[in-house]
Amino acid sequence: MKEIIRQSALKHGFALCRFTRPTLNTIHQQGLQGWVEAEMQGDMDWMAEQVRMQRRLQPESMLQDVRTVISLAMSYQAPAYDLDEACASKESGVISAYAHGDDYHDVMKKRLKAFAAELDMMLGKHDQRVFVDTAPVLEHALAESAGLGWQGKHSLSIHRDLGSWFLLGEIFTTAEIETDEAASNHCGTCSACIDVCPTAAIVAPYVVDARLCISYLTIEFDGFIPHPLRILMGNRIYGCDDCQLICPWNKHASTPMLADDPLKPRGENHLPDLVSLLHLDDDAFRSLFRKSPIKRTKRAGLLRNVCIAMGNSGNHAFVADLLAVLGDDEALIRAHAAWALARLAGEENQHQIYTALQHRVDDEENEEVLQEFDITMQYLRSNYDYT
Ligand code: B12
Ligand code: SF4
Ligand code: SF4
């Protein structure tokens, strides 16, 4: 029966399908508690909220009489560039690979529901619930005990053949299905992901401090990014794949996908042109990212990240574009544009930047933006002569 179920999962677009009981071992329970106690969730309050914490710690609380967790992996395409190529571009931003196609939440949910309906036919009617991502389920821990993949030192699940280029989803069912053997860890003495992380967010093996992670900063965090972290973000404008790109298990990973898979990359998300993104208005943003996960940041968040990437590029050609958004409706964009202009200031453009800011200061009402303008102007005054 297990094999028949697995074959059905593959037919529905899953790359792996394994089975486990709805319990967590103490390493994961203590790992989660320690992480939240250290407030590594940052502004993701839903990760620390009491009821949800209890649910995460006790997966059996997610469905009455649950007997089996079916852990599923859905592959997405690895990036078509390597780490050096991605970081080297002075004109483009980097969008993490999972976001190159349609939003995986929608795709996964649809596949889980279709697969669950077929399970009903195979196993007889049982209570079941499907989960992806946002539910209070510790997906890595269950994937590990189901043998689907071990948790790497970057905290992501890895499979020997598929590497880590896949997303996780689960079906909890009251049906009793024989379990699979847990995954064993194959990181060994490697520490490549810890060493490569631009912001040192992997604070210990298996522990990611979200507050430092570029994925959190560019996607989940909707505020003013701390200055020291902006410099380390390089040209990553939506998520970050560095710890995966460096991982030896991803060097020859296969990514089995359906022929017409909606997760397949859309051309426009492959190293997109920063200038074109900076000039998107609300309508253009919504239409470009309609089915994409990128809509999550809204225009303000994405363009904030674009400003940072421009500031980090060393490319003085961006100055005119950044000056043009100093009067944008969104405070986040105005503030980060000012920061980027300070980074790109040189003998040839400092007067133009200073005058533009002086002009904007009179109209600016947002305190945080005024502070950012002030920092940029102070910086310019300390480096150039305005007498
Ligand atoms: C919150 C979250 C984030 C946060 C925090 C990340 C994190 N590591 O917790 C942020 C925004 C930073 C993030 C980023 C990313 N995410 Co995310 N994220 C989640 C989410 C919603 C919850 C994760 C969670 O529970 N964290 C809490 C902490 C405590 O858990 P943990 O990091 O796994 O920590 C465990 C270990 O420390 C372990 N532990 C402690 N000591 C030891 C010792 C040993 C030996 C071992 C083995 C383990 C161990 O105990 C802890 C609890 O299990 C999951 C979906 C879900 N519901 O699970 C997706 C999820 C983890 N994310 C995913 C993805 C794809 C990403 C990104 C790659 C996206 C991108 N390209 O930008 C990055 C990767 C960053 C990274 N290196 O983790 C996928 C991962 C798929 C995979 N193959 O593993 C998931 C599963 C979503 C999905 N449904 O597919 N994410
Ligand atoms: S996603 Fe990027 S910032 Fe986050 S842990 Fe991995 S390498 Fe570090
Ligand atoms: S880079 Fe090395 S340590 Fe990090 S997850 Fe991959 S194998 Fe493990």
# chains A, B, ... in the order shown; residues from 1 in each chain; ligands from 1
$ select_by_dssp --residues "segment 166-281 of chain A" --states "helix (DSSP H, G or I)" --output "PyMOL selection string"
chain A and resi 192-196+210-212+214-220+227-232+242-245+248-250+267-269+274-278
$ residues_near_ligand --ligand "ligand 2" --cutoff "8 Å" --atoms "only C-alpha atoms and all ligand atoms" --output "PDB file with C-alpha atoms, in the first residue's frame"
ATOM      1  CA  HIS A 154      21.849  25.746   7.361  1.00  0.00           C
ATOM      2  CA  CYS A 193      27.046  27.226   4.483  1.00  0.00           C
ATOM      3  CA  ILE A 194      28.053  28.747   7.831  1.00  0.00           C
ATOM      4  CA  VAL A 196      29.530  31.703   3.207  1.00  0.00           C
ATOM      5  CA  CYS A 197      26.527  33.340   4.879  1.00  0.00           C
ATOM      6  CA  PRO A 198      26.945  37.086   4.161  1.00  0.00           C
ATOM      7  CA  THR A 199      25.387  38.191   7.457  1.00  0.00           C
ATOM      8  CA  ALA A 200      26.641  35.366   9.722  1.00  0.00           C
ATOM      9  CA  ALA A 201      22.995  34.420  10.307  1.00  0.00           C
ATOM     10  CA  ILE A 202      23.807  30.747  10.938  1.00  0.00           C
ATOM     11  CA  VAL A 208      19.517  30.395  11.901  1.00  0.00           C
ATOM     12  CA  ASP A 209      18.912  33.737  13.605  1.00  0.00           C
ATOM     13  CA  ALA A 210      16.117  35.053  11.390  1.00  0.00           C
ATOM     14  CA  LEU A 212      20.143  38.433  10.522  1.00  0.00           C
ATOM     15  CA  CYS A 213      18.982  36.292   7.597  1.00  0.00           C
ATOM     16  CA  ILE A 214      18.642  38.104   4.268  1.00  0.00           C
ATOM     17  CA  SER A 215      15.600  36.009   3.465  1.00  0.00           C
ATOM     18  CA  TYR A 216      13.835  37.435   6.530  1.00  0.00           C
ATOM     19  CA  GLY A 239      15.239  35.940  -0.369  1.00  0.00           C
ATOM     20  CA  CYS A 240      18.695  34.427  -0.401  1.00  0.00           C
ATOM     21  CA  ASP A 241      20.098  31.138  -1.688  1.00  0.00           C
ATOM     22  CA  ASP A 242      23.761  31.498  -0.738  1.00  0.00           C
ATOM     23  CA  CYS A 243      23.781  28.730   1.869  1.00  0.00           C
ATOM     24  CA  GLN A 244      22.156  26.395  -0.664  1.00  0.00           C
TER      25      GLN A 244
END
$ closest_atom_pairs --of "chain A" --to "ligand 1" --cutoff "6 Å" --atoms "only C-alpha atoms and all ligand atoms" --output "tab-separated table"
residue	atom	partner	partner_atom_place_in_ligand_line	distance
A:Ile27	CA	ligand 1	41 (N)	5.6
A:His28	CA	ligand 1	50 (O)	3.8
A:Gly31	CA	ligand 1	50 (O)	3.5
A:Leu32	CA	ligand 1	29 (C)	3.8
A:Trp35	CA	ligand 1	29 (C)	5.1
A:Ser96	CA	ligand 1	71 (N)	4.7
A:Val132	CA	ligand 1	89 (N)	5.1
A:Asp133	CA	ligand 1	89 (N)	3.8
A:Thr134	CA	ligand 1	57 (N)	5.3
A:Ala135	CA	ligand 1	57 (N)	5.7
A:Pro136	CA	ligand 1	57 (N)	5.9
A:Val137	CA	ligand 1	57 (N)	4.9
A:Leu138	CA	ligand 1	58 (O)	4.4
A:Glu139	CA	ligand 1	58 (O)	4.0
A:His140	CA	ligand 1	33 (O)	5.6
A:Ala141	CA	ligand 1	53 (O)	5.1
A:Gln151	CA	ligand 1	47 (C)	5.0
A:His154	CA	ligand 1	77 (N)	4.6
A:Ser155	CA	ligand 1	32 (O)	5.0
A:Leu156	CA	ligand 1	84 (O)	3.5
A:Ser157	CA	ligand 1	84 (O)	3.7
A:Ser164	CA	ligand 1	83 (N)	4.5
A:Trp165	CA	ligand 1	83 (N)	5.9
A:Phe166	CA	ligand 1	83 (N)	4.8
A:Leu167	CA	ligand 1	90 (O)	3.3
A:Leu168	CA	ligand 1	90 (O)	3.8
A:Gly169	CA	ligand 1	89 (N)	5.6
A:Tyr206	CA	ligand 1	37 (O)	4.4
A:Val207	CA	ligand 1	37 (O)	4.4
A:Val208	CA	ligand 1	8 (N)	4.9
A:Ala210	CA	ligand 1	12 (C)	4.3
A:Cys213	CA	ligand 1	12 (C)	5.3
A:Ser215	CA	ligand 1	72 (O)	4.2
A:Tyr216	CA	ligand 1	11 (C)	3.8
A:Gly239	CA	ligand 1	72 (O)	3.3
A:Cys240	CA	ligand 1	72 (O)	4.1
A:Asp241	CA	ligand 1	71 (N)	4.7
$ residues_around --residues "segment 48-54 of chain A" --least-positions-apart "5" --cutoff "12 Å" --atoms "only C-alpha atoms" --output "list in words"
Leu24, Gln29, Gln30, Leu32, Gln33, Gly34, Trp35, Val36, Glu37, Ala38, Glu39, Met40, Gln41, Gly42, Asp43, Pro59, Glu60, Ser61, Met62, Thr134, Ala135, Pro136, Val137 and Leu138 of chain A
$ residues_around --residues "His270 of chain A" --least-positions-apart "6" --cutoff "12 Å" --atoms "only C-alpha atoms" --output "PyMOL selection string"
chain A and resi 77-81+85-86+89+92-101+237-238+264
$ residues_near_ligand --ligand "ligand 3" --cutoff "6 Å" --atoms "only C-alpha atoms and all ligand atoms" --output "MDAnalysis selection string"
chainID A and resid 152:154 187 190:193 246:248
$ residues_around --residues "Glu118 of chain A" --least-positions-apart "2" --cutoff "12 Å" --atoms "only C-alpha atoms" --output "ChimeraX atom specification"
/A:4-9,11-12,111-116,120-126,128
$ write_last_selection --atoms "C-alpha atoms" --output "short mmCIF file (atom, residue, chain, number, x, y, z; two decimals), in the first residue's frame"
data_model
loop_
_atom_site.label_atom_id
_atom_site.label_comp_id
_atom_site.auth_asym_id
_atom_site.auth_seq_id
_atom_site.Cartn_x
_atom_site.Cartn_y
_atom_site.Cartn_z
CA ILE A 4 0.96 2.59 -4.24
CA ILE A 5 0.52 5.76 -2.18
CA ARG A 6 4.04 6.91 -3.09
CA GLN A 7 3.37 6.39 -6.80
CA SER A 8 0.18 8.42 -6.50
CA ALA A 9 2.15 11.25 -4.80
CA LYS A 11 1.78 11.47 -10.16
CA HIS A 12 0.44 14.53 -8.33
CA ARG A 111 -1.59 19.21 -5.16
CA LEU A 112 -2.04 18.24 -1.51
CA LYS A 113 -5.82 18.44 -1.83
CA ALA A 114 -5.90 16.40 -5.04
CA PHE A 115 -3.58 13.80 -3.52
CA ALA A 116 -5.62 13.71 -0.28
CA ASP A 120 -9.51 8.66 0.54
CA MET A 121 -10.16 6.27 -2.34
CA MET A 122 -7.10 4.16 -1.55
CA LEU A 123 -7.43 3.99 2.24
CA GLY A 124 -11.16 4.45 2.79
CA LYS A 125 -12.55 7.57 4.43
CA HIS A 126 -10.29 8.93 7.19
CA GLN A 128 -7.09 14.24 7.26
#
$ closest_atom_pairs --of "segment 200-264 of chain A" --to "segment 322-340 of chain A" --cutoff "9 Å" --atoms "only C-alpha atoms" --output "JSON lines"
{"residue": "A:Asp222", "atom": "CA", "partner": "A:Leu332", "partner_atom": "CA", "distance": 8.7}
{"residue": "A:Gly223", "atom": "CA", "partner": "A:Leu332", "partner_atom": "CA", "distance": 7.2}
{"residue": "A:Phe224", "atom": "CA", "partner": "A:Leu332", "partner_atom": "CA", "distance": 6.6}
{"residue": "A:Ile225", "atom": "CA", "partner": "A:His336", "partner_atom": "CA", "distance": 8.6}
{"residue": "A:His227", "atom": "CA", "partner": "A:Trp339", "partner_atom": "CA", "distance": 8.6}
$ closest_residue --among "A:Leu148, A:Ala204, A:Leu229, A:Ile294" --to "Tyr104 of chain A" --atoms "only C-alpha atoms"
A:Ile294
$ atom_distance --atom1 "atom CA of Pro226 of chain A" --atom2 "atom CA of Arg299 of chain A"
19.5 Å
$ atom_distance --atom1 "atom CA of Pro293 of chain A" --atom2 "atom CA of Asp103 of chain A"
4.5 Å
$ residues_around --residues "Val275 of chain A" --least-positions-apart "5" --cutoff "10 Å" --atoms "only C-alpha atoms" --output "ChimeraX atom specification"
/A:91-93,280,306-307,310,317-318,321-322
$ closest_residue --among "A:Tyr354, A:Asp45, A:Val130, A:Val369" --to "Asp385 of chain A" --atoms "only C-alpha atoms"
A:Tyr354
$ atom_distance --atom1 "atom CA of Glu144 of chain A" --atom2 "atom CA of Ser292 of chain A"
28.6 Å
$ select_by_dssp --residues "segment 31-173 of chain A" --states "strand (DSSP E)" --output "list in words"
Thr68, Val69, Ile70, Ser71, Leu72, Ala73, Met74, Ser75, Val94, Ile95, Gln128, Arg129, Val130, Phe131, Trp150, Gln151, Ser157, Ile158, Phe166, Leu167, Leu168, Gly169, Glu170, Ile171, Phe172 and Thr173 of chain A
$ write_last_selection --atoms "C-alpha atoms" --output "PDB file, in the first residue's frame"
ATOM      1  CA  THR A  68       0.388   9.166  10.379  1.00  0.00           C
ATOM      2  CA  VAL A  69       2.122  12.196   8.939  1.00  0.00           C
ATOM      3  CA  ILE A  70       2.803  11.975   5.216  1.00  0.00           C
ATOM      4  CA  SER A  71       5.775  14.200   4.495  1.00  0.00           C
ATOM      5  CA  LEU A  72       6.020  15.432   0.906  1.00  0.00           C
ATOM      6  CA  ALA A  73       8.647  17.278  -1.117  1.00  0.00           C
ATOM      7  CA  MET A  74       7.948  19.361  -4.218  1.00  0.00           C
ATOM      8  CA  SER A  75      11.003  20.250  -6.307  1.00  0.00           C
ATOM      9  CA  VAL A  94      19.088  38.296  -7.292  1.00  0.00           C
ATOM     10  CA  ILE A  95      15.725  36.682  -6.555  1.00  0.00           C
ATOM     11  CA  GLN A 128      -7.091  14.237   7.260  1.00  0.00           C
ATOM     12  CA  ARG A 129      -5.635  17.747   7.084  1.00  0.00           C
ATOM     13  CA  VAL A 130      -3.165  19.229   4.646  1.00  0.00           C
ATOM     14  CA  PHE A 131      -0.478  21.720   5.653  1.00  0.00           C
ATOM     15  CA  TRP A 150      18.141  15.362   7.043  1.00  0.00           C
ATOM     16  CA  GLN A 151      18.353  18.847   8.502  1.00  0.00           C
ATOM     17  CA  SER A 157      16.138  19.672   4.648  1.00  0.00           C
ATOM     18  CA  ILE A 158      18.535  17.868   2.304  1.00  0.00           C
ATOM     19  CA  PHE A 166      12.458  21.409  -2.730  1.00  0.00           C
ATOM     20  CA  LEU A 167       9.570  22.647  -0.611  1.00  0.00           C
ATOM     21  CA  LEU A 168       7.778  20.739   2.096  1.00  0.00           C
ATOM     22  CA  GLY A 169       4.122  19.929   2.691  1.00  0.00           C
ATOM     23  CA  GLU A 170       2.296  17.386   4.858  1.00  0.00           C
ATOM     24  CA  ILE A 171      -0.878  15.385   5.094  1.00  0.00           C
ATOM     25  CA  PHE A 172      -1.923  14.405   8.629  1.00  0.00           C
ATOM     26  CA  THR A 173      -4.262  11.413   8.569  1.00  0.00           C
TER      27      THR A 173
END
$ residues_around --residues "Arg343 of chain A" --least-positions-apart "4" --cutoff "10 Å" --atoms "only C-alpha atoms" --output "list in words"
Ile231, Ile308, Met310, Gly311, Asn312, Ser313, Gly314, Asn315, His316, Val319, Ala337, Ala338, Trp339, Thr376, Tyr379 and Leu380 of chain A
$ write_last_selection --atoms "N, CA and C atoms" --output "mmCIF file, in the first residue's frame"
data_model
loop_
_atom_site.group_PDB
_atom_site.id
_atom_site.type_symbol
_atom_site.label_atom_id
_atom_site.label_comp_id
_atom_site.auth_asym_id
_atom_site.auth_seq_id
_atom_site.Cartn_x
_atom_site.Cartn_y
_atom_site.Cartn_z
ATOM 1 N N ILE A 231 24.561 46.838 4.082
ATOM 2 C CA ILE A 231 25.832 46.721 3.351
ATOM 3 C C ILE A 231 26.118 45.254 3.007
ATOM 4 N N ILE A 308 18.635 49.227 -1.854
ATOM 5 C CA ILE A 308 19.822 48.726 -1.146
ATOM 6 C C ILE A 308 20.796 48.084 -2.147
ATOM 7 N N MET A 310 21.124 48.722 -5.279
ATOM 8 C CA MET A 310 21.756 49.787 -6.078
ATOM 9 C C MET A 310 22.871 50.445 -5.274
ATOM 10 N N GLY A 311 22.587 50.713 -3.991
ATOM 11 C CA GLY A 311 23.598 51.348 -3.130
ATOM 12 C C GLY A 311 24.842 50.494 -2.997
ATOM 13 N N ASN A 312 24.645 49.187 -3.008
ATOM 14 C CA ASN A 312 25.785 48.270 -2.840
ATOM 15 C C ASN A 312 26.536 48.003 -4.143
ATOM 16 N N SER A 313 25.973 48.463 -5.273
ATOM 17 C CA SER A 313 26.515 48.054 -6.571
ATOM 18 C C SER A 313 27.802 48.794 -6.951
ATOM 19 N N GLY A 314 27.998 49.974 -6.397
ATOM 20 C CA GLY A 314 29.140 50.796 -6.841
ATOM 21 C C GLY A 314 28.899 51.383 -8.225
ATOM 22 N N ASN A 315 27.691 51.228 -8.744
ATOM 23 C CA ASN A 315 27.371 51.666 -10.110
ATOM 24 C C ASN A 315 26.752 53.076 -10.072
ATOM 25 N N HIS A 316 27.569 54.071 -10.429
ATOM 26 C CA HIS A 316 27.129 55.473 -10.316
ATOM 27 C C HIS A 316 26.014 55.822 -11.295
ATOM 28 N N VAL A 319 22.479 56.828 -9.933
ATOM 29 C CA VAL A 319 22.194 58.025 -9.131
ATOM 30 C C VAL A 319 20.926 58.749 -9.614
ATOM 31 N N ALA A 337 16.448 55.033 -0.531
ATOM 32 C CA ALA A 337 17.068 55.695 -1.691
ATOM 33 C C ALA A 337 18.129 56.679 -1.190
ATOM 34 N N ALA A 338 17.822 57.390 -0.106
ATOM 35 C CA ALA A 338 18.797 58.357 0.435
ATOM 36 C C ALA A 338 20.065 57.633 0.883
ATOM 37 N N TRP A 339 19.882 56.493 1.542
ATOM 38 C CA TRP A 339 21.039 55.703 1.995
ATOM 39 C C TRP A 339 21.884 55.267 0.787
ATOM 40 N N THR A 376 22.513 60.979 5.594
ATOM 41 C CA THR A 376 23.164 61.087 4.275
ATOM 42 C C THR A 376 23.805 62.466 4.116
ATOM 43 N N TYR A 379 26.872 62.793 6.187
ATOM 44 C CA TYR A 379 27.951 62.012 5.572
ATOM 45 C C TYR A 379 28.584 62.811 4.415
ATOM 46 N N LEU A 380 27.711 63.400 3.595
ATOM 47 C CA LEU A 380 28.227 64.162 2.453
ATOM 48 C C LEU A 380 29.044 65.363 2.940
#
